[in-house]
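Undergrad: Below you will find the structure I want to go over with you.
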Amino acid sequence: FFNHLFLSKIMKITKKRLVLIALFIFPLVFFLLLSTGINNFTKLPTLTSNVTLDELENNDSISLRDHVTVLCFLGKNIENKKGGFFNLNQKIYKEFYGYRPFQIIAIYPNGSENEVVKLASELGAFTDMYKWKFIPKDKTTIISLYNNLKADESLDSTLYSNRAFLLDKELNLRGRDDDKDYETGKMYGYNIESVAELSNKMEDDIKVLLYEYRAALKNKKKADRKKLGL
């Protein structure tokens, strides 16, 4: 009887400990593992370094340096392709426009102003458009800008691309170099016609890029404090 009672008490104590471990220890261990993972995360790959975008950098209405930029090419048949830009607005712009240096730059051919105004108006019905920048350029300039990205696909005959490109603050083209959906593994841009690709890949990659800058700033502050002996 006493042995049974003793064993029962031990089992109760053990159960309580298991509950405590489940409630407190496991979450703590998980947090530590997560923190370690964040501090040692892999940076988003650079696919093209120092992209030359002089035709845009000389534009007084926009700034590329010190901005995280999503660059897209509208083409001439904007009305027929606007679905992709609605996807980009809904899945990417709305998620990140609160981040101060974030912006979307949309290049379109001269002569397409009316369609651009209509597109901007329709997108504006859903969100504040102040970080959408629509820039007109001639055909030669648009092709030159696109070619400087050194992507693996070309613009179509209307100067449209279904890819949105991610540029960091130093004008490096960021993307993936081991994506299983691409034969070479390299994903230079994100398909705006695919909600899944925007949600599952581009959104995640922008978060990684933004974290790079937050981590770099945090490390700089630590280094500065160390120099000051704080």
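So you can find residues: chains in the structure tokens are A, B, ... in the order shown, residues in each start at 1, and ligands are numbered from 1 in order.
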Residues of stretch 29-148 of chain A that have any atom at most 12 Å from an atom of stretch 204-217 of chain A: could you tabulate them with the shortest-distance atom pair and the distance in Å to one decimal, using only C-alpha atoms, ordered by chain and increasing number, as JSON lines?

TA:
{"residue": "A:Ile38", "atom": "CA", "partner": "A:Tyr211", "partner_atom": "CA", "distance": 9.0}
{"residue": "A:Asn39", "atom": "CA", "partner": "A:Ala215", "partner_atom": "CA", "distance": 8.2}
{"residue": "A:Asn40", "atom": "CA", "partner": "A:Ala215", "partner_atom": "CA", "distance": 10.5}
{"residue": "A:Phe41", "atom": "CA", "partner": "A:Val208", "partner_atom": "CA", "distance": 8.6}
{"residue": "A:Thr42", "atom": "CA", "partner": "A:Val208", "partner_atom": "CA", "distance": 8.6}
{"residue": "A:Lys43", "atom": "CA", "partner": "A:Glu212", "partner_atom": "CA", "distance": 7.0}
{"residue": "A:Leu44", "atom": "CA", "partner": "A:Leu209", "partner_atom": "CA", "distance": 6.2}
{"residue": "A:Pro45", "atom": "CA", "partner": "A:Leu209", "partner_atom": "CA", "distance": 9.5}
{"residue": "A:Thr46", "atom": "CA", "partner": "A:Leu209", "partner_atom": "CA", "distance": 10.7}
{"residue": "A:Asp66", "atom": "CA", "partner": "A:Tyr213", "partner_atom": "CA", "distance": 10.5}
{"residue": "A:His67", "atom": "CA", "partner": "A:Leu210", "partner_atom": "CA", "distance": 10.5}
{"residue": "A:Val68", "atom": "CA", "partner": "A:Leu210", "partner_atom": "CA", "distance": 8.2}
{"residue": "A:Thr69", "atom": "CA", "partner": "A:Ile206", "partner_atom": "CA", "distance": 9.9}
{"residue": "A:Val70", "atom": "CA", "partner": "A:Ile206", "partner_atom": "CA", "distance": 9.6}
{"residue": "A:Lys91", "atom": "CA", "partner": "A:Asp204", "partner_atom": "CA", "distance": 11.2}
{"residue": "A:Ile92", "atom": "CA", "partner": "A:Ile206", "partner_atom": "CA", "distance": 8.9}
{"residue": "A:Tyr93", "atom": "CA", "partner": "A:Ile206", "partner_atom": "CA", "distance": 10.9}
{"residue": "A:Glu95", "atom": "CA", "partner": "A:Lys207", "partner_atom": "CA", "distance": 10.0}
{"residue": "A:Phe96", "atom": "CA", "partner": "A:Ile206", "partner_atom": "CA", "distance": 8.6}
{"residue": "A:Tyr97", "atom": "CA", "partner": "A:Ile206", "partner_atom": "CA", "distance": 11.7}
{"residue": "A:Tyr99", "atom": "CA", "partner": "A:Leu210", "partner_atom": "CA", "distance": 8.9}
{"residue": "A:Arg100", "atom": "CA", "partner": "A:Leu210", "partner_atom": "CA", "distance": 10.9}
{"residue": "A:Pro101", "atom": "CA", "partner": "A:Leu210", "partner_atom": "CA", "distance": 9.9}
{"residue": "A:Phe102", "atom": "CA", "partner": "A:Leu210", "partner_atom": "CA", "distance": 9.5}
{"residue": "A:Gln103", "atom": "CA", "partner": "A:Ile206", "partner_atom": "CA", "distance": 11.8}

Undergrad: Neighbours of A:Tyr146 within 10 Å (only C-alpha atoms; same-chain residues fewer than 6 positions away dropped), as a list in words?

TA: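 Result of the neighbour search: Val51, Thr52, Leu53, Leu71, Cys72, Phe73, Ile107, Glu153, Ser154, Leu155, Leu159, Ser161 and Phe165 of chain A.
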
Undergrad: Keeping only C-alpha atoms, take the residues you just selected and write them out as a short mmCIF file (atom, residue, chain, number, x, y, z; two decimals), in the first residue's frame.

TA:
data_model
loop_
_atom_site.label_atom_id
_atom_site.label_comp_id
_atom_site.auth_asym_id
_atom_site.auth_seq_id
_atom_site.Cartn_x
_atom_site.Cartn_y
_atom_site.Cartn_z
CA VAL A 51 23.08 47.17 -62.02
CA THR A 52 23.53 50.23 -64.24
CA LEU A 53 20.34 52.29 -64.15
CA LEU A 71 11.17 47.21 -60.62
CA CYS A 72 8.59 46.20 -63.22
CA PHE A 73 7.92 46.82 -66.91
CA ILE A 107 8.53 51.61 -66.38
CA GLU A 153 14.36 36.22 -70.16
CA SER A 154 13.69 39.06 -72.58
CA LEU A 155 10.99 41.69 -72.74
CA LEU A 159 8.10 45.92 -73.78
CA SER A 161 7.73 41.52 -68.57
CA PHE A 165 12.74 42.49 -60.04
#

Undergrad: So which residues touch stretch 111-123 of chain A within 8 Å, counting only C-alpha atoms, skipping near sequence neighbours fewer than 3 positions away, as JSON, numbers by chain?

TA: {"A": [76, 78, 79, 82, 86, 89, 108, 126, 127, 129, 134, 136]}

Undergrad: Could you take the residues named above and write them with N, CA, C and O atoms, as a tab-separated table (two decimals), in the first residue's frame?

TA:
chain	number	residue	atom	x	y	z
A	76	LYS	N	3.08	48.04	-73.46
A	76	LYS	CA	2.10	48.90	-74.14
A	76	LYS	C	0.66	48.47	-73.89
A	76	LYS	O	-0.24	49.30	-73.92
A	78	ILE	N	-1.27	47.65	-71.37
A	78	ILE	CA	-1.43	47.63	-69.91
A	78	ILE	C	-2.79	47.08	-69.50
A	78	ILE	O	-2.90	46.31	-68.53
A	79	GLU	N	-3.81	47.42	-70.23
A	79	GLU	CA	-5.16	46.97	-69.90
A	79	GLU	C	-5.24	45.44	-69.89
A	79	GLU	O	-5.90	44.85	-69.03
A	82	LYS	N	-3.06	44.06	-66.68
A	82	LYS	CA	-3.19	44.71	-65.37
A	82	LYS	C	-3.41	43.73	-64.22
A	82	LYS	O	-3.16	44.07	-63.06
A	86	PHE	N	-2.21	44.18	-60.27
A	86	PHE	CA	-3.12	44.09	-59.12
A	86	PHE	C	-2.59	43.08	-58.11
A	86	PHE	O	-2.65	43.29	-56.90
A	89	ASN	N	0.32	44.65	-56.32
A	89	ASN	CA	-0.16	45.65	-55.37
A	89	ASN	C	-0.72	44.99	-54.10
A	89	ASN	O	-0.44	45.40	-52.98
A	108	TYR	N	7.13	52.38	-68.22
A	108	TYR	CA	6.19	52.18	-69.32
A	108	TYR	C	6.62	52.99	-70.54
A	108	TYR	O	7.33	53.99	-70.42
A	126	PHE	N	-7.77	50.87	-53.86
A	126	PHE	CA	-7.53	49.88	-52.82
A	126	PHE	C	-6.43	50.28	-51.84
A	126	PHE	O	-6.33	49.71	-50.76
A	127	THR	N	-5.59	51.26	-52.21
A	127	THR	CA	-4.46	51.58	-51.34
A	127	THR	C	-3.90	52.95	-51.67
A	127	THR	O	-4.21	53.53	-52.70
A	129	MET	N	-1.18	55.23	-53.05
A	129	MET	CA	-0.25	54.95	-54.15
A	129	MET	C	1.07	55.72	-54.06
A	129	MET	O	1.84	55.72	-55.01
A	134	PHE	N	5.56	55.74	-61.45
A	134	PHE	CA	5.37	55.38	-62.86
A	134	PHE	C	6.27	56.29	-63.70
A	134	PHE	O	6.13	57.51	-63.69
A	136	PRO	N	7.87	57.10	-67.53
A	136	PRO	CA	7.85	56.87	-68.99
A	136	PRO	C	9.25	56.91	-69.58
A	136	PRO	O	10.09	57.72	-69.18

Undergrad: For A:Lys137, which residue out of A:Val195, A:Leu88, A:Ile62, A:Ala106 is the nearest one, using only C-alpha atoms?

TA: A:Ala106

Undergrad: Could you tell me, as a PyMOL selection string, which residues of stretch 13-201 of chain A DSSP assigns to alpha helix (DSSP H) when given the backbone?

TA: chain A and resi 13-20+26-39+54-57+78-88+94-96+113-124+139-147+195-197

Undergrad: With distances taken over only C-alpha atoms, which residue among A:Ser63, A:Thr184, A:Asn200, A:Ser49 lies nearest A:Lys131?

TA: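 Answer, going by the shortest atom-to-atom distance: A:Ser63.
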
Undergrad: Between A:Asn77, A:Thr141, A:Gln90, A:Asn191, which one has atoms that come closest to A:Tyr160, using only C-alpha atoms?

TA: A:Asn77

Undergrad: Rounded to one decimal, what separation in Å do you get between atom CA of A:Thr158 and atom CA of A:Gly175?

TA: 24.7 Å

Undergrad: For atom CA of A:Leu167 and atom CA of A:Thr48, quote the distance in Å rounded to one decimal.

TA: 9.5 Å

Undergrad: In Å to one decimal, how far is atom CA of A:Gly189 from atom CA of A:Asp60?

TA: 26.0 Å
